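Everything on this sheet refers to the single structure shown next.
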Amino acid sequence: MRSETAPAIRLEDYQTPAYRIDRVHLTIRLHPSETEVVSVVSVTPQEGTDAGTPLLLDGDELTLRAIALNGRALEASAYSVSSDRLEILAPPAGPFELTITTLINPDANTKLMGLFRSSGTYCTQCEAEGFRRITYFLDRPDVLAVYTTRIEASRKDCPVLLANGNPAEAGDIANTDRHFSTWHDPHPKPAYLFALVAGDLARVPDSFRTVSGKHVDLNIFVEHGNEALCGWAMDALKRSMTWDEETFGLEYDLDVFNIVAVSDFNMGAMENKGLNVFNDKYVLADPETATDQDYANIEAVIAHEYFHNWTGNRITCRDWFQLCLKEGLTVFRDQEFTSDMRSRPVKRIADVRLLKSHQFPEDAGPLAHPVRPRIYHEINNFYTATVYEKGAEVVRMLKTVLGPANFRKGLDLYFERHDGDATTIEAFLTCFEDATGTDLGQFALWYEQAGTPVLSVKTQHDPARGTFSVDLAQEIPPVPGQRKSKPVLMPLRFGLVDANGQDMEPSAVDGIEIAGDVMLLEQARQKVTFSGIPSKPVLSLLRGFSAPVRLDQNQSEQDLQHLAAHDGDPFNRWQAVQTLAMRELLRLTHLSRNDEALSPSYSVIDVFGKVLQDRELDPALKALALTLPSEADIAQEIGKDVDPDAIHDARQTFRREIAARHSSALREALTNSMPSGPYSPDAKPAGMRALGNRALHYFAVSDAENAAEIVWDRFRSADNMTDRIACLTLIVHDAMPQKDEALNAYRLRHENNSLAMDKWFMVQATAPGSGTLELVRALRSDPLFDETNPNRVRALLQSFATGNPTQFARIDGAGFEFIVAAILELDKRNPQVASRLLTSFRSWRALESQRCALAESALLKISSCEELSRDSRDIIDRTLQ
């Protein structure tokens, strides 16, 4: 393990590599512990490279077996080698061929990076720097080469042999029990997109005909017995391919598209050219084992990885600082796909909830960084919500600023100009400038500055003059490495809502540029005056969450209730309800913290009743509106001196009062939200189930004498995982009498299904009771808990640390100590899983003083560990800074 502190890598230090690699021919002879890799690469000095400039190749835990230059073995004096670097001291002045033979041990590769073997299947993960664990190479994204890969393996153990590109040749190896398969990818790609899979897998075939008439073979490879669970994923893939053609004019470019689902995988999925490797949780689904959310996630992730074929593969990153160029853009594309497949307002709300719960805390803590960072120590730690989710929001703002037609013009130019390139954010934005004649210099600051802008808003109505003024001010609070910031170009979609719920049309607008229903805020402070407004409107600002900012707008309860009932923008209707609920929860938390009686406001509680009884509201949207801000959301809003127990007390009190006041409406919602017919994961029935389970969430703590029995009956009669896991969660989290029986029944039913059992572990890890820590300790010794499986570790340990604030941040510090011990154990085996678990401490400084001191003490134990991976060392150093 590389335990030293990694050197700082800076964007400003970027240099074009001295050599390029045009072609790569790999021969990989698979063996569980002694896999031989023969890499033949065509190397050419870049223009301007001085003769004799050493060629430096990356490695990681490699053993060199042989090396030859232009077919002749190199003398030992001609190179120097270690496990992590190979240097050719004086290469030829012109093009040359280098043959490198390395030996690797897939069975021992518990990091699951490079080439590893899990459950008998060989698999690779090369993003970001895994290819260097297979062979010595210029392992950087701006080195693009055409790959040909020959795989050799035991036919009995590995009847399936897959690599990137199109199949070229296959056959038996004479006088052995082994066979081979050769694959050729005609599209130049960086090493991080290389992929290989070999094992005994079942194939689920299908096909697709592109818009130009090209036939494409589609295959999903899974463990035997899982074939019937691939239907939804295959359907999502075909819909993704059609949507990308129709929406962006982008057609698939190989003869085959293969997906492989594996159970041991650090990431969600990987977009390797023509061979996407997936964590099986994002492929396998049926009503018995997958929830509606699982189906939606599969649809989105399948689409995301397919969309990478153009935004990531055909056009890739020049360097890892440009990671958002492919990830932010592709997240935006998969969000648009899901919006078109399902409900656009519901999808928008879901995406913003994710942004606020994951990215906003990141922006507010020690791990804050710009969408395009300028420095990193370990790139694996920058696959973050800022790069992905905020990166997508920046692309969405670009579309809002330019308008749909101009956005499409810029994107078309980007694909035309940079197909086959490894490029940058600057080049991306230049395409939009050139296509539309728009100066995006100020807009580019969204990529350069860290932190979440705070948008302050004050309004005033002058009835005598018929004017309505809005004072706008933007500021980014200081974050690590950035004390001051510049004003960004901020698109603010808005409406002026009158007493009847209609948008008012001003006769004139002064003080700001307006494009349709969007104000373009450019300065730190601007005053906007709307004329022709005889009566005072309610300002509906940031419609559709048109910019990723915190809104400081002290609207009255009356105005918020008006927006909640009448706003023409579904997102802002939802936001008005959430704002009312958050204010009330903050007030109740303050009362709890001071040991005062908690008396919820019935005027706010009645807003939830009105939502329940609104028969015109989409069920899925209604379910979201009825969902209270999470305990983590409340803690983030408080910002400092956070007491998780007081927050939990306040939220539970508010939940019980809603249940008591609206029990009859909740019972009616339970009755009317049962979809008819067989299970379908489509938007309409999924929305009905969401509403029913949200109503059940409240009804479970109502005054009804039979509430627990109703939950228990619904658990036993559930014919799908969505309803079953919702009921199990209520039974366990509310400590109902049937808790042990329900957990045992679920386990008996699902113990042979790994993904279903992940949910079983997660439900228990997130239970707020005081005995949960000891339960989680015990579950680590359960025969079904596997420390080597990232999904299982995330289900138990990550869920506890990030989804159970009262028990993770216990007042005695035991939760912190438990997770720190787990991190130190995991770090020795799988640094990526360990470092991501470590990010659960990102908001530790916001805790009240006693918990804060205990968290710091626990973190210092990690910091003092000498044998710490680079991944975890980077996170701990930034967390404690």
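Here, A, B, ... name the chains of the structure tokens in the order displayed, residue numbers run from 1 inside each chain, and ligands are numbered from 1 in the same displayed order.
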Selection: 10 Å around segment 284-287 of chain A, only C-alpha atoms, excl. self and same-chain fewer than 6 positions, as an MDAnalysis selection string: chainID A and resid 222 226:233 261 294:295 298 678:681 719:722 755
DSSP strand (DSSP E or B) selection over segment 435-628 of chain A, as a PyMOL selection string: chain A and resi 454-462+467-475+479+482+490-497+503+508-510+513-515+518-521+525-531+538-541+550-552
With C-alpha atoms retained, export the selected residues as a PDB file, in the first residue's frame.
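Listing of out37.pdb after writing:
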ATOM      1  CA  VAL A 454     -26.112  32.947  -0.625  1.00  0.00           C
ATOM      2  CA  LEU A 455     -28.755  34.997  -2.425  1.00  0.00           C
ATOM      3  CA  SER A 456     -30.329  37.626  -0.168  1.00  0.00           C
ATOM      4  CA  VAL A 457     -33.659  39.087  -1.242  1.00  0.00           C
ATOM      5  CA  LYS A 458     -35.690  42.032   0.030  1.00  0.00           C
ATOM      6  CA  THR A 459     -38.889  43.327  -1.588  1.00  0.00           C
ATOM      7  CA  GLN A 460     -40.988  46.490  -1.371  1.00  0.00           C
ATOM      8  CA  HIS A 461     -44.274  47.463  -3.020  1.00  0.00           C
ATOM      9  CA  ASP A 462     -45.231  51.072  -3.739  1.00  0.00           C
ATOM     10  CA  THR A 467     -43.988  49.521  -8.603  1.00  0.00           C
ATOM     11  CA  PHE A 468     -42.541  46.434  -6.984  1.00  0.00           C
ATOM     12  CA  SER A 469     -38.831  46.502  -6.181  1.00  0.00           C
ATOM     13  CA  VAL A 470     -36.542  43.577  -5.437  1.00  0.00           C
ATOM     14  CA  ASP A 471     -33.117  44.082  -3.856  1.00  0.00           C
ATOM     15  CA  LEU A 472     -30.787  41.199  -4.728  1.00  0.00           C
ATOM     16  CA  ALA A 473     -27.385  40.497  -3.169  1.00  0.00           C
ATOM     17  CA  GLN A 474     -25.080  37.527  -3.719  1.00  0.00           C
ATOM     18  CA  GLU A 475     -22.141  36.373  -1.637  1.00  0.00           C
ATOM     19  CA  VAL A 479     -14.301  28.242   2.278  1.00  0.00           C
ATOM     20  CA  GLN A 482     -10.897  30.863  -0.805  1.00  0.00           C
ATOM     21  CA  MET A 490     -26.844  33.848 -11.771  1.00  0.00           C
ATOM     22  CA  PRO A 491     -30.010  32.990 -13.767  1.00  0.00           C
ATOM     23  CA  LEU A 492     -33.070  33.549 -11.558  1.00  0.00           C
ATOM     24  CA  ARG A 493     -36.343  32.226 -12.938  1.00  0.00           C
ATOM     25  CA  PHE A 494     -39.216  34.106 -11.305  1.00  0.00           C
ATOM     26  CA  GLY A 495     -42.894  34.995 -11.192  1.00  0.00           C
ATOM     27  CA  LEU A 496     -44.977  37.692  -9.500  1.00  0.00           C
ATOM     28  CA  VAL A 497     -47.987  35.833  -8.106  1.00  0.00           C
ATOM     29  CA  ASP A 503     -48.502  35.570 -12.644  1.00  0.00           C
ATOM     30  CA  ALA A 508     -41.519  47.579 -17.606  1.00  0.00           C
ATOM     31  CA  VAL A 509     -38.483  46.222 -15.754  1.00  0.00           C
ATOM     32  CA  ASP A 510     -35.462  48.304 -14.764  1.00  0.00           C
ATOM     33  CA  GLU A 513     -31.372  42.050 -17.840  1.00  0.00           C
ATOM     34  CA  ILE A 514     -34.472  39.922 -18.367  1.00  0.00           C
ATOM     35  CA  ALA A 515     -34.735  36.969 -20.759  1.00  0.00           C
ATOM     36  CA  VAL A 518     -35.358  34.755 -16.138  1.00  0.00           C
ATOM     37  CA  MET A 519     -33.477  37.586 -14.434  1.00  0.00           C
ATOM     38  CA  LEU A 520     -29.721  37.521 -15.046  1.00  0.00           C
ATOM     39  CA  LEU A 521     -28.017  38.680 -11.854  1.00  0.00           C
ATOM     40  CA  ARG A 525     -25.915  43.822  -5.569  1.00  0.00           C
ATOM     41  CA  GLN A 526     -28.675  44.837  -7.938  1.00  0.00           C
ATOM     42  CA  LYS A 527     -32.037  46.514  -7.455  1.00  0.00           C
ATOM     43  CA  VAL A 528     -34.808  45.455  -9.816  1.00  0.00           C
ATOM     44  CA  THR A 529     -37.929  47.572 -10.273  1.00  0.00           C
ATOM     45  CA  PHE A 530     -41.089  46.210 -11.869  1.00  0.00           C
ATOM     46  CA  SER A 531     -43.597  48.808 -13.089  1.00  0.00           C
ATOM     47  CA  VAL A 538     -45.870  37.399  -3.823  1.00  0.00           C
ATOM     48  CA  LEU A 539     -42.416  36.929  -5.340  1.00  0.00           C
ATOM     49  CA  SER A 540     -41.819  33.388  -6.553  1.00  0.00           C
ATOM     50  CA  LEU A 541     -38.050  33.317  -7.021  1.00  0.00           C
ATOM     51  CA  ARG A 550     -29.043  29.239  -0.651  1.00  0.00           C
ATOM     52  CA  LEU A 551     -31.988  31.626  -0.671  1.00  0.00           C
ATOM     53  CA  ASP A 552     -32.144  34.129   2.181  1.00  0.00           C
TER      54      ASP A 552
END
Closest of A:Leu413, A:Ala108, A:Leu69, A:Ala153 to Leu30 of chain A - atom-to-atom distances counting only C-alpha atoms: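 Among A:Leu413, A:Ala108, A:Leu69, A:Ala153, it is A:Ala153 that comes nearest to Leu30 of chain A.
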All residues 9 Å or closer to segment 155-160 of chain A, only C-alpha atoms, same chain fewer than 6 positions away omitted, as an MDAnalysis selection string: chainID A and resid 120:122 172 177:181 197:202
Interatomic distance, atom CA of Leu784 of chain A to atom CA of Phe715 of chain A (Å, one decimal):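 Taking atom CA of Leu784 of chain A and atom CA of Phe715 of chain A, their separation equals 22.7 Å.
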Å distance separating atom CA of Asn381 of chain A from atom CA of Ile476 of chain A, one decimal place: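 Answer for the atom CA of Asn381 of chain A to atom CA of Ile476 of chain A separation: 23.5 Å.
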Selection: 7 Å around Tyr388 of chain A, only C-alpha atoms, excl. self and same-chain fewer than 3 positions, as a VMD selection string: chain A and resid 324 327 to 328 331 384 to 385 391 to 392
